[in-house]
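Here is the file data-v5.txt (compact mmCIF, C-alpha atoms).
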```txt
# COMPACT_ATOMS: atom_id res chain seq x y z
CA MET E 1 -18.05 36.32 -3.04
CA ARG E 2 -20.61 39.09 -2.62
CA LEU E 3 -20.54 41.22 0.54
CA TYR E 4 -23.82 43.06 0.00
CA ALA E 5 -27.18 42.10 -1.44
CA GLN E 6 -28.21 43.22 -4.90
CA THR E 7 -31.78 44.07 -3.89
CA PRO E 8 -32.10 47.61 -2.48
CA ALA E 9 -34.15 46.76 0.62
CA ARG E 10 -31.84 44.02 1.90
CA ARG E 11 -28.71 45.95 0.91
CA SER E 12 -29.97 48.97 2.88
CA ARG E 13 -30.56 46.78 5.95
CA GLN E 14 -27.07 45.33 5.65
CA VAL E 15 -25.45 48.77 5.31
CA VAL E 16 -27.41 50.06 8.31
CA ALA E 17 -26.39 47.02 10.37
CA ASP E 18 -22.75 47.53 9.40
CA LEU E 19 -22.90 51.23 10.31
CA ILE E 20 -24.51 50.40 13.66
CA ALA E 21 -21.78 47.84 14.37
CA VAL E 22 -19.04 50.36 13.53
CA ALA E 23 -20.76 53.04 15.64
CA LEU E 24 -21.08 50.67 18.61
CA ILE E 25 -17.40 49.73 18.37
CA ALA E 26 -16.40 53.40 18.16
CA ALA E 27 -18.62 54.23 21.16
CA ALA E 28 -17.11 51.34 23.14
CA VAL E 29 -13.57 52.56 22.41
CA LYS E 30 -14.51 56.13 23.36
CA PHE E 31 -16.12 54.92 26.60
CA ALA E 32 -13.04 52.84 27.42
CA LEU E 33 -10.83 55.89 26.91
CA VAL E 34 -13.09 57.95 29.21
CA VAL E 35 -12.79 55.21 31.85
CA HIS E 36 -9.00 55.22 31.37
CA HIS E 37 -8.90 58.97 31.95
CA ALA E 38 -11.13 58.65 35.04
CA ILE E 39 -8.92 55.94 36.55
CA MET E 40 -5.78 57.93 35.81
CA LEU E 41 -7.19 60.75 37.96
CA LEU E 42 -6.62 58.40 40.90
CA ALA E 43 -2.90 58.62 40.17
CA GLU E 44 -2.87 62.35 40.98
CA PRO E 45 -2.07 61.85 44.70
CA GLY E 46 0.82 59.62 43.65
CA ARG E 47 2.11 62.27 41.24
CA LYS E 48 1.88 64.92 43.97
CA ALA E 49 3.63 62.68 46.50
CA ARG E 50 6.41 61.89 44.02
CA SER E 51 6.85 65.55 43.12
CA ALA E 52 6.81 66.68 46.75
CA GLY E 53 9.18 63.89 47.78
CA ASP E 54 11.66 64.72 45.00
CA SER E 55 11.54 68.42 45.80
CA LEU E 56 11.90 67.87 49.55
CA ALA E 57 14.72 65.37 49.10
CA GLY E 58 16.57 67.81 46.86
CA ASP E 59 16.13 70.67 49.33
CA LEU E 60 17.24 68.55 52.27
CA ASP E 61 20.29 67.31 50.35
CA ASP E 62 21.24 70.91 49.60
CA ALA E 63 20.70 71.87 53.23
CA GLY E 64 22.83 68.92 54.36
CA ASP E 65 25.62 69.94 52.00
CA ALA E 66 25.45 73.50 53.30
CA ALA E 67 25.34 72.33 56.93
CA SER E 68 28.39 70.12 56.43
CA LYS E 69 30.43 73.27 55.81
CA VAL E 70 29.69 74.66 59.29
CA PRO E 71 32.90 74.34 61.33
CA PHE E 72 33.01 71.74 64.13
CA VAL E 73 29.28 70.76 63.99
CA GLY E 74 28.83 70.35 60.23
CA GLY E 75 28.94 66.55 60.34
CA SER E 76 26.39 66.43 63.16
CA LEU E 77 24.03 68.79 61.34
CA LYS E 78 24.36 66.96 58.04
CA LYS E 79 23.39 63.54 59.40
CA PRO E 80 19.72 64.26 60.35
CA LEU E 81 19.22 66.29 57.18
CA ARG E 82 20.51 63.36 55.11
CA SER E 83 18.14 61.00 56.97
CA ALA E 84 15.21 63.34 56.29
CA ALA E 85 16.23 63.46 52.61
CA ASP E 86 16.17 59.63 52.52
CA ALA E 87 12.68 59.67 54.05
CA ALA E 88 11.57 62.18 51.39
CA THR E 89 13.01 59.87 48.71
CA GLY E 90 10.91 57.05 50.22
CA LEU E 91 7.82 59.27 49.89
CA SER E 92 8.73 59.91 46.25
CA ASP E 93 9.16 56.17 45.61
CA ALA E 94 5.76 55.43 47.20
CA GLY E 95 4.15 58.06 44.98
CA GLN E 96 5.82 56.54 41.91
CA SER E 97 4.58 53.07 42.91
CA LEU E 98 1.03 54.39 43.25
CA GLU E 99 1.28 56.04 39.84
CA ASP E 100 2.55 52.83 38.24
CA LEU E 101 -0.18 50.73 39.88
CA VAL E 102 -2.96 53.08 38.78
CA GLY E 103 -1.49 53.21 35.26
CA ARG E 104 -1.49 49.40 35.02
CA VAL E 105 -5.07 49.18 36.33
CA ALA E 106 -6.21 51.86 33.86
CA LEU E 107 -4.52 50.07 30.97
CA LEU E 108 -5.98 46.67 31.88
CA ALA E 109 -9.47 48.11 32.42
CA THR E 110 -9.34 49.95 29.09
CA ALA E 111 -8.12 46.87 27.21
CA ALA E 112 -10.76 44.66 28.85
CA LEU E 113 -13.57 47.10 28.03
CA ILE E 114 -12.48 47.41 24.40
CA VAL E 115 -11.97 43.67 23.88
CA LEU E 116 -15.24 42.66 25.58
CA SER E 117 -17.30 45.35 23.84
CA VAL E 118 -15.88 44.62 20.39
CA ALA E 119 -16.31 40.87 20.95
CA PHE E 120 -19.94 41.40 22.00
CA VAL E 121 -20.70 43.48 18.90
CA LEU E 122 -18.92 41.01 16.62
CA VAL E 123 -20.80 38.03 18.12
CA LEU E 124 -24.11 39.76 17.37
CA TRP E 125 -23.19 41.18 13.97
CA LEU E 126 -20.66 38.91 12.28
CA PRO E 127 -22.43 35.48 12.26
CA PRO E 128 -25.54 36.74 10.40
CA ARG E 129 -23.34 38.55 7.87
CA LEU E 130 -21.20 35.45 7.29
CA ARG E 131 -24.32 33.27 7.02
CA TRP E 132 -25.75 35.60 4.36
CA ILE E 133 -22.47 35.63 2.42
CA ARG E 134 -22.31 31.84 2.50
CA ARG E 135 -26.01 31.45 1.59
CA SER E 136 -25.83 33.95 -1.28
CA THR E 137 -22.68 32.29 -2.64
CA THR E 138 -24.35 28.85 -2.47
CA THR E 139 -27.53 30.17 -4.10
CA ARG E 140 -25.59 31.80 -6.94
CA ARG E 141 -23.56 28.61 -7.44
CA LEU E 142 -26.78 26.54 -7.57
CA LEU E 143 -28.28 28.88 -10.18
CA ASP E 144 -25.21 28.57 -12.40
CA ALA E 145 -25.07 24.75 -12.11
CA PRO E 146 -26.98 22.46 -14.49
CA GLY E 147 -30.53 22.06 -13.18
CA GLY E 148 -29.91 24.85 -10.68
CA ALA E 149 -33.04 26.76 -11.60
CA ASP E 150 -35.09 23.63 -10.77
CA LEU E 151 -33.49 23.43 -7.33
CA LEU E 152 -34.09 27.11 -6.65
CA ALA E 153 -37.70 26.71 -7.77
CA LEU E 154 -38.06 23.79 -5.34
CA ARG E 155 -36.62 26.00 -2.59
CA ALA E 156 -39.26 28.61 -3.36
CA LEU E 157 -42.00 25.97 -3.17
CA THR E 158 -40.80 24.71 0.22
CA GLY E 159 -40.15 28.19 1.65
CA PRO E 160 -42.57 30.78 3.07
CA GLN E 161 -45.72 30.83 0.97
CA ARG E 162 -46.09 34.61 1.25
CA ASP E 163 -43.14 34.94 -1.15
CA LEU E 164 -45.19 33.22 -3.85
CA ALA E 165 -47.96 35.83 -3.70
CA ALA E 166 -46.19 38.05 -6.26
CA VAL E 167 -45.94 35.18 -8.81
CA PRO E 168 -48.97 34.47 -11.03
CA ALA E 169 -50.19 30.97 -10.17
CA PRO E 170 -50.36 28.62 -13.16
CA PRO E 171 -53.33 26.31 -13.79
CA GLY E 172 -52.99 23.29 -11.51
CA GLY E 173 -50.73 25.12 -9.06
CA PHE E 174 -47.01 25.73 -8.70
CA ALA E 175 -46.09 22.20 -7.63
CA ASP E 176 -47.79 20.62 -10.64
CA ALA E 177 -46.13 23.12 -13.02
CA TRP E 178 -42.75 22.44 -11.40
CA ARG E 179 -43.24 18.66 -11.77
CA ARG E 180 -44.15 19.10 -15.43
CA GLY E 181 -40.98 21.16 -15.96
CA ASP E 182 -42.77 24.35 -16.99
CA GLN E 183 -39.77 26.59 -17.71
CA ARG E 184 -41.64 29.85 -17.21
CA VAL E 185 -42.90 28.81 -13.77
CA ILE E 186 -39.46 27.42 -12.85
CA ALA E 187 -37.85 30.73 -13.85
CA ASP E 188 -40.43 32.68 -11.81
CA LEU E 189 -39.93 30.46 -8.76
CA SER E 190 -36.14 30.61 -9.01
CA ARG E 191 -36.39 34.41 -9.05
CA VAL E 192 -38.39 34.20 -5.81
CA THR E 193 -35.52 32.29 -4.17
CA LEU E 194 -32.99 34.77 -5.53
CA ARG E 195 -35.02 37.72 -4.23
CA ARG E 196 -35.33 36.03 -0.84
CA ALA E 197 -31.51 35.80 -0.76
CA GLY E 198 -31.14 39.42 -1.89
CA LEU E 199 -29.84 38.50 -5.34
CA ARG E 200 -30.89 39.31 -8.86
CA PRO E 201 -31.17 36.79 -11.73
```

Take the structure in the file and write it out as structure tokens.
Amino acid sequence: MRLYAQTPARRSRQVVADLIAVALIAAAVKFALVVHHAIMLLAEPGRKARSAGDSLAGDLDDAGDAASKVPFVGGSLKKPLRSAADAATGLSDAGQSLEDLVGRVALLATAALIVLSVAFVLVLWLPPRLRWIRRSTTTRRLLDAPGGADLLALRALTGPQRDLAAVPAPPGGFADAWRRGDQRVIADLSRVTLRRAGLRP
């Protein structure tokens, strides 16, 4: 199985197409990562709320512990401080939930962008490449089979006529020479089919 053509012009086109496909995939991944970073910026308020809630809850817990040591009224002072600390913990939990939600959205958006972009590029690039690989393999197999040169010559006769311009026309025309089994004309015509497929004899 041949991945690239043997003729320079077609091989160059294939290499350029492959490089463009790789560049498009790389650009799509980079864009998806930029989108991920942009979405993650939305998690900043959640991070701040979580940090502030944790800090406030810790400070209020410490204040409650200190207040509990005040004689006679320590229990009364500790209770509202403990309630405020619980409220601060709730703020921290809400911030964490926002962070988690934004992180999941960023991950899903990034994955979707990468998958869809890569699929789009592959749908445009891969089928023509696979068709060429299959066609070149079939053409090479035909050439190597008995009577293969005749079949390739027939392909050249039934293909675009502009490809025959580079072949010197025999007396009576190509079709007549092919029917007579003129080996030189058959070899010339089979080379036309090979060149069309990007192969060499």

Do you know which residues are at most 9 Å from range 132-147 of chain E counting only C-alpha atoms, after dropping those on the same chain fewer than 5 positions away, and could you put them as a list of chain:residue names? E:Met1, E:Arg2, E:Leu3, E:Tyr4, E:Ala5, E:Pro127, E:Leu152, E:Ser190, E:Thr193, E:Leu194, E:Ala197, E:Gly198, E:Leu199, E:Pro201

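Proximity to Val15 in chain E was assessed for E:Asp150, E:Ala175, E:Ile186, E:Trp125 counting all atoms listed in the file; the smallest distance is recorded for E:Trp125.
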
Please list as a PyMOL selection string every residue within 7 Å of range 88-102 of chain E, counting only C-alpha atoms and excluding residues in the same chain fewer than 6 positions away. chain E and resi 39-40+42-43+46-47+49-51+53-54+56-57

Could the residues in this selection be saved with C-alpha atoms as a short mmCIF file (atom, residue, chain, number, x, y, z; two decimals), in the coordinates of the input?
```
data_model
loop_
_atom_site.label_atom_id
_atom_site.label_comp_id
_atom_site.auth_asym_id
_atom_site.auth_seq_id
_atom_site.Cartn_x
_atom_site.Cartn_y
_atom_site.Cartn_z
CA ILE E 39 -8.92 55.94 36.55
CA MET E 40 -5.78 57.93 35.81
CA LEU E 42 -6.62 58.40 40.90
CA ALA E 43 -2.90 58.62 40.17
CA GLY E 46 0.82 59.62 43.65
CA ARG E 47 2.11 62.27 41.24
CA ALA E 49 3.63 62.68 46.50
CA ARG E 50 6.41 61.89 44.02
CA SER E 51 6.85 65.55 43.12
CA GLY E 53 9.18 63.89 47.78
CA ASP E 54 11.66 64.72 45.00
CA LEU E 56 11.90 67.87 49.55
CA ALA E 57 14.72 65.37 49.10
#
```

Work out where the centre of an axis-aligned box around every listed atom of range 109-112 of chain E lies and how long its edges are once 8 Å is added on each side; give both in Å to one decimal as JSON.
```
{"center_x": -9.4, "center_y": 47.3, "center_z": 29.8, "size_x": 18.6, "size_y": 21.3, "size_z": 21.2}
```

Which residue of E:Arg13, E:Val105, E:Ala187, E:Ala26 approaches Gly148 in chain E most closely, using only C-alpha atoms: E:Ala187

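Note that CA of Ala106 in chain E and CA of Ala32 in chain E are 9.4 Å apart.
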
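When all atoms listed in the file are used to compute distances to Ala38 in chain E, the closest of the residues E:Ala52, E:Thr7, E:Leu107, E:Val16 turns out to be E:Leu107.
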
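You will find CA of Ser117 in chain E at 7.0 Å from CA of Ile25 in chain E.
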
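Atom pair CA of Ala153 in chain E / CA of Ala166 in chain E has a distance of 14.2 Å (rounded to one decimal).
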
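In terms of minimum interatomic distance to Asp86 in chain E, E:Gly58 ranks closest within E:Val167, E:Gly58, E:Ala112, E:Ser12, counting only C-alpha atoms.
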
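All residues of protein, DNA or RNA that reach within 12 Å of Leu124 in chain E, judged by all atoms listed in the file and not counting those fewer than 4 positions away in the chain, are Ala17, Asp18, Ile20, Ala21, Leu24, Ser117, Val118, Ala119, Phe120, Pro128, Arg129 and Leu130 of chain E.
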
Residue contacts of Val34 in chain E (12 Å, all atoms listed in the file) excluding same-chain residues fewer than 6 positions away, as a list in words: Ala27, Ala28, Met40, Leu41, Ala106, Leu107, Ala109, Thr110, Leu113 and Ile114 of chain E

For Arg184 in chain E, find every residue with an atom within 12 Å (counting all atoms listed in the file), except residues of its own chain fewer than 4 positions away, and show them as an mmCIF file with C-alpha atoms, keeping the file's coordinate frame.
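New file selection_9.cif:
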```cif
data_model
loop_
_atom_site.group_PDB
_atom_site.id
_atom_site.type_symbol
_atom_site.label_atom_id
_atom_site.label_comp_id
_atom_site.auth_asym_id
_atom_site.auth_seq_id
_atom_site.Cartn_x
_atom_site.Cartn_y
_atom_site.Cartn_z
ATOM 1 C CA ALA E 149 -33.040 26.760 -11.600
ATOM 2 C CA ASP E 150 -35.090 23.630 -10.770
ATOM 3 C CA ALA E 153 -37.700 26.710 -7.770
ATOM 4 C CA VAL E 167 -45.940 35.180 -8.810
ATOM 5 C CA PRO E 168 -48.970 34.470 -11.030
ATOM 6 C CA ALA E 169 -50.190 30.970 -10.170
ATOM 7 C CA PRO E 170 -50.360 28.620 -13.160
ATOM 8 C CA PHE E 174 -47.010 25.730 -8.700
ATOM 9 C CA ALA E 177 -46.130 23.120 -13.020
ATOM 10 C CA TRP E 178 -42.750 22.440 -11.400
ATOM 11 C CA ARG E 180 -44.150 19.100 -15.430
ATOM 12 C CA ASP E 188 -40.430 32.680 -11.810
ATOM 13 C CA LEU E 189 -39.930 30.460 -8.760
ATOM 14 C CA SER E 190 -36.140 30.610 -9.010
ATOM 15 C CA ARG E 191 -36.390 34.410 -9.050
#
```

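Minimum atom-to-atom distances from E:Leu151, E:His36, E:Arg11, E:Leu164 to Gly181 in chain E were compared using only C-alpha atoms, and the lowest value belongs to E:Leu151.
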
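Proximity of E:Val185, E:Leu154, E:Asp163, E:Val121 to Ala23 in chain E, computed with all atoms listed in the file, is greatest for E:Val121.
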